[in-house]
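Heads up, the thing below is written out as structure tokens.
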Amino acid sequence: MRIIARRLVLYALTAWVAISVNFLLPHLMPGDPIQTLIGKIQGQVTPQEIRAIRLSFGGGLDKSLLSQYFTYLAQLFHGNLGVSITLSSPVTTVLKTAVPWTIGLIGISTILSFLIGTVSGALLGWTRGSRLDSLIPTATFFQAIPYFFLATVMLLIFGSDLHLFPVLRAYSENLQPGWTWPFAASAFRYAELPVISIVLSSVAGWMLGMRNMMITVVAEDFVLMAVAMGLPKRKVVMAAARNAVLPSIANLSLAIGLVVSGALLVELVFSYPGVGDLLLNAVQNEDYPLIQGIFLVITLAVLAANLLADLVYLALDPRTRTESAA
Amino acid sequence: MKSIRFPRSPKVILGLCIVGFFLLLTIFGPYLAPFSPDNTSFAANLTPSAHHWFGTTSLGQDILSQTLVGARATIVVALIAGLVATMLSMVIGIAAGYIGGYTDDGLSMLSNVFLAIPGLPLLIVIDSYLPVNSRSNTLIIGLVISLTGWAWGARVIRAQTMSLRNRDFVEASRIIGEKRHRVMFFEVAPNLLPILASSLLFTVLYSIGAYVTLAYIGLTSSEVWNWGTMLFWAQTNNAPLSGEWYWFVPPGVCIALVGTGLALLNFGIDEFINPRLRAAGLSAKQRRQLGLPRRQRLGLTPVVRSVSKGVSTPRVTTTSVPT
């Protein structure tokens, strides 16, 4: 349990750092961006909204930085992330509609890509030196392609030329969002191409990592022992793979951040109505409250996912358990 | 008997060629470009031809020239960010691993925090607050990217430093009274060279991705051509949906090729560090030449040892050692 406690402390600290960076950035940057922002939107939004934006940055500039920091924390605690300038509605409301799409898309594609990558990596590691090795340079190439570029190519080939997949939304225009079968089916169809492109971009990393680990594990004595005992090949591979997969799971929590970063841009290519698409609009319109709100939500979500991955690792690796019991 | 200093697998040679080619492009690209990348005087949306190898944009700019000119900014930013981040991770990693105690706790916590914060969203927030004129400054962008890219390297270097700090040669230099920073940077650091090299490759790879991504969402100045801005304009003008593949494919393929080259080089370093991977990295043909069994046998690790370095074909003997 000590390990969980340590991780919890780390994530709490990270969340605090992210929250503080979020506060400090607009205050430390040259050119006083907050004042510029408020000057720009004067007249476009109601005085109440300006007040809410001011409060979300920590209140008036006449107060000390520390008191502004506490105002900011209090506002954050009450769920006031400010008001989006372009959409002129509270940032929390805007995020509520976008976050479920992103979590669905990234969650499904990360799990798929981890499973496919690990299984194929285990096979590649077991059959090392065979023809299958020629897959490695291809996988390396796919790993090096930016997510959004692969997504663009997929969009061109399968969405625009071949018309195999619907693109540029998350569900058919004719349907109302809700818990109905036609809507779910439509959402599923529209998610296919984004999921495929995220999986294609991220699978190579898992595959190569697993292959290298597998090659190292296969040379261990216990694998030789398993073969000498005459166990069926399937069981030997399983025994080796179970040990080789541990570093992959340990890396899962680190990789989540990268996958999220990549997947946000995939949304953008497909105009998928998630956080990534929102972020692009916010950046292009210099909608600072929205940018900062998105940064916080993404960071907290990634931290939660990290914690989940740590718990899985703890459940799978008995060594960590005995250590914590001692 | 000389040992192989660097694995001569085709993967590594291919990687060297690709990386070398793009480094040359960084230096000479802008001089090779047939036109100015901003020149809008050509017909719009031309498909690739002898006159415009990669076609033109919908504004009538030559895409080949943009790709050639864009190589410099992209790779220079990535190199700055990669070098700075690797320096940071070296100093922090070695200090944490060698000094230990509270220093280690603090520095490890710091790198874990930076690892846990997703890099791209942080970069976007920082970059969106930068004044517009700093966004075109390669040095500033490079430094900002390096800030989000050092943590992983620091962690790996710390782990390796901890395994080195109690070796005899480090102990010896401590006993003869060498200063601490001297031991850290002249005794420990040289032995971390393969890991430092690998961490440099990875941070350069990461930085290319980060820079191109920032440019792609329009967060770098449009005055500086790089591969990301090309993709930005292609996306803004709906090139993928109107079938103008020649607009976004050249910069994308260049990014992917540089990345592949760096990753292939890294395979070489991996195989250099881990002999088990070295034998596994050989192709079936090399394996036959070296007299290794085609199928690897369990329980034996083939070790590749060179007798003398020939000019074209190194003579290599192999022995199988029990693992």
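In the structure tokens, chains take the letters A, B, ... in the order shown, each chain's residues start at 1, and ligands count up from 1 in the order shown.
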
Would you mind listing what lies within 10 Å of stretch 242-248 of chain A as an MDAnalysis selection string, with only C-alpha atoms counted and same-chain residues fewer than 4 positions away left out? chainID A and resid 114 118:119 121:122 125 205:207 209:218 236:238 252:255 313:314 316:317

Nearby residues (only C-alpha atoms) at most 7 Å from B:Ser36, same-chain spacing under 2 positions excluded, as JSON, numbers by chain: {"B": [38, 39, 65]}

Let's have the selection written as a PDB file, in the first residue's frame, with N, CA and C atoms.
```
ATOM      1  N   ASP B  38       7.619  31.901 -50.716  1.00  0.00           N
ATOM      2  CA  ASP B  38       6.495  32.833 -50.593  1.00  0.00           C
ATOM      3  C   ASP B  38       5.963  33.291 -51.955  1.00  0.00           C
ATOM      4  N   ASN B  39       6.709  32.964 -53.019  1.00  0.00           N
ATOM      5  CA  ASN B  39       6.351  33.421 -54.349  1.00  0.00           C
ATOM      6  C   ASN B  39       4.990  32.856 -54.767  1.00  0.00           C
ATOM      7  N   SER B  65       9.920  24.000 -53.140  1.00  0.00           N
ATOM      8  CA  SER B  65      10.718  25.040 -52.491  1.00  0.00           C
ATOM      9  C   SER B  65      10.361  25.155 -51.019  1.00  0.00           C
TER      10      SER B  65
END
```

Nearest residue to A:Val17 out of B:Ile140, B:Met109, B:Pro10, B:Pro30, using only C-alpha atoms?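 Residue with the minimum atom-to-atom distance to A:Val17: B:Met109.
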
Need to verify the contact set: B:Ser146, 12 Å, only C-alpha atoms, exclusion of same-chain residues closer than 4 positions in sequence. Can you return it as a PyMOL selection string? chain B and resi 77-89+114+119-120+123+139-142+150-153+200+202-208+210-211

With a distance cut-off of 7 Å and only C-alpha atoms, select the neighbouring residues of B:Leu219, excluding the residue or stretch itself and same-chain residues fewer than 2 positions from it, and output the selection as number ranges by chain. B: 127-128, 214-215, 217, 221

Polymer residues at most 8 Å from A:Ile106, only C-alpha atoms, same-chain spacing of 2 or more positions, as a list in words: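 Here the qualifying residues turn out to be Thr102, Ile103, Gly104, Ile108, Ser109, Thr110, Val195, Val259, Val260 and Ala263 of chain A.
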
Neighbour list for stretch 232-234 of chain A as a list in words, cut-off 12 Å, only C-alpha atoms, skip fewer than 6 positions in-chain: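 Once the adjacent positions are removed, what remains is Ala122, Leu123, Trp126, Thr127, Val223, Leu224, Ala226, Ala240 and Ala241 of chain A.
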
May I have the selected residues written with C-alpha atoms, as a PDB file, in the first residue's frame?
```pdb
ATOM      1  CA  ALA A 122       5.294 -11.117 -28.180  1.00  0.00           C
ATOM      2  CA  LEU A 123       5.011 -13.135 -31.382  1.00  0.00           C
ATOM      3  CA  TRP A 126       9.373 -15.335 -30.030  1.00  0.00           C
ATOM      4  CA  THR A 127      10.007 -15.827 -33.742  1.00  0.00           C
ATOM      5  CA  VAL A 223      11.940 -20.370 -20.300  1.00  0.00           C
ATOM      6  CA  LEU A 224      14.592 -22.989 -21.035  1.00  0.00           C
ATOM      7  CA  ALA A 226       9.691 -24.713 -19.454  1.00  0.00           C
ATOM      8  CA  ALA A 240       7.546 -15.677 -21.249  1.00  0.00           C
ATOM      9  CA  ALA A 241       5.034 -13.089 -22.416  1.00  0.00           C
TER      10      ALA A 241
END
```

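Distance annotation: of B:Arg155, B:Arg182, B:Arg72, B:Arg167, the residue with the minimal separation from chain A is B:Arg155; atom set is only C-alpha atoms.
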
Using DSSP on the backbone coordinates, identify all residues within stretch 18-200 of chain B classified as helix (DSSP H, G or I); present the result as a PyMOL selection string. chain B and resi 18-32+63-99+101-116+119-129+132-135+138-149+151-164+168-175+180-200

Separating atom CA of B:Pro37 from atom CA of B:Val76, to the nearest tenth of an Å, is a gap of 18.1 Å
